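Enquirer: My structure is below; once you've seen it, I'll send some questions.
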Amino acid sequence: MPDRKLFHDFVASRSERLLRTAYLLTHDWGTAEDLLQESLAKAWFAWPRIDEPEAYVRRVLVTTYTSWWRRRWRTELPSDALPEKGAKADRHGPDELWEAVGRLPARQRAVIVLRFYEDLTVQEVARILGCQDGTVKSQTAKALAKLRVDESIVKEYR
């Protein structure tokens with residue numbers, strides 16, 4: 001049985017930062033909370049085998065988000081009618097840069113969030129994503145190239 005006290009302490013001390021990471025991946029606070037909750041539930045069952053809990057949960061966040069994104073993509077249907085534009089649920093105010101990051105493909109968004117928001121090294125990101133260092137570097141380069149030509153950022157930072 002996992003040590004409930006250690007797990008509870010981990011959740012209490014790291015949830016806020018992990019929730020921000022989940023938000024940067026999903027761009028929706030409700031979805032970010034769901035993503036974090038599912039990731040922590042997965043960590044609970046693996047808790048006795050985890051050496052680095054934060055890195056483990058961060059990896060689960062990214063892989064769970066990616067699988068959600070793939071699943072959603074397959075179930076979306078095109079429509080002639082545009083949905084109503086809802087109010088932003090951004091607790092930190094509008095930020096065109098992060099909106100542009102939100103338009104990146106899931107893998108590139110994960111690399112940008114882990115490299116520049118979480119301030120992880122290329123090697124740490126590669127370990128979390130389960131890929132080679134070169135993949136992290138190429139995904140970072142592709143993401144930054146897309147951000148450089150994104151009109152919302154170009155206008156904002158001229």
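Identifiers in this document derive from the order of the structure tokens: chains are assigned A, B, ..., residues are numbered from 1 separately in each chain, and ligands are numbered from 1 in order of occurrence.
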Quick check for you: according to DSSP on this backbone, which residues of stretch 6-147 of chain A are classed as helix (DSSP H, G or I)? Reply as a ChimeraX atom specification.

Expert: /A:6-26,29-49,53-75,96-102,106-117,122-129,133-147

Enquirer: Compile the contact shell of A:Leu129 as a PyMOL selection string: residues with an atom at most 12 Å away, counting only C-alpha atoms, same-chain residues fewer than 5 positions apart removed.

Expert: chain A and resi 55-66+106-111+114-115+120+122-124+135-136+139

Enquirer: Interatomic distance between atom CA of A:Glu54 and atom CA of A:Gly102?

Expert: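 For atom CA of A:Glu54 relative to atom CA of A:Gly102, the distance reads 23.1 Å.
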
Enquirer: Which polymer residues have any atom within 10 Å of an atom of A:Leu147, counting only C-alpha atoms, with same-chain residues fewer than 2 positions away left out, as a PyMOL selection string?

Expert: chain A and resi 97-98+100-101+103-104+141-145+149-154

Enquirer: Give me the residues near A:His27 as a ChimeraX atom specification, where near means some atom within 10 Å (using only C-alpha atoms) and where sequence neighbours in that chain fewer than 3 positions away do not count.

Expert: /A:20-24,30-32,88-90,98-99,101-103

Enquirer: Nearest to A:Trp47: which of A:Val11, A:Cys131, A:Ala126, A:Ile112 is it, counting only C-alpha atoms?

Expert: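 Closest to A:Trp47 of all the choices is A:Val11.
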
Enquirer: Just how far from atom CA of A:Trp29 is atom CA of A:Ala43, in Å to one decimal?

Expert: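 We find that atom CA of A:Ala43 and atom CA of A:Trp29 lie 20.6 Å from each other.
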
Enquirer: Using only C-alpha atoms, which of A:Arg148, A:Tyr117, A:Pro105, A:Gln132 sits nearest A:Arg17?

Expert: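 Smallest distance to A:Arg17 is found for A:Tyr117.
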
Enquirer: Would you mind reading off the distance between atom CA of A:Glu38 and atom CA of A:Thr26, one decimal, in Å?

Expert: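 Straight-line distance from atom CA of A:Glu38 to atom CA of A:Thr26 works out to 13.8 Å.
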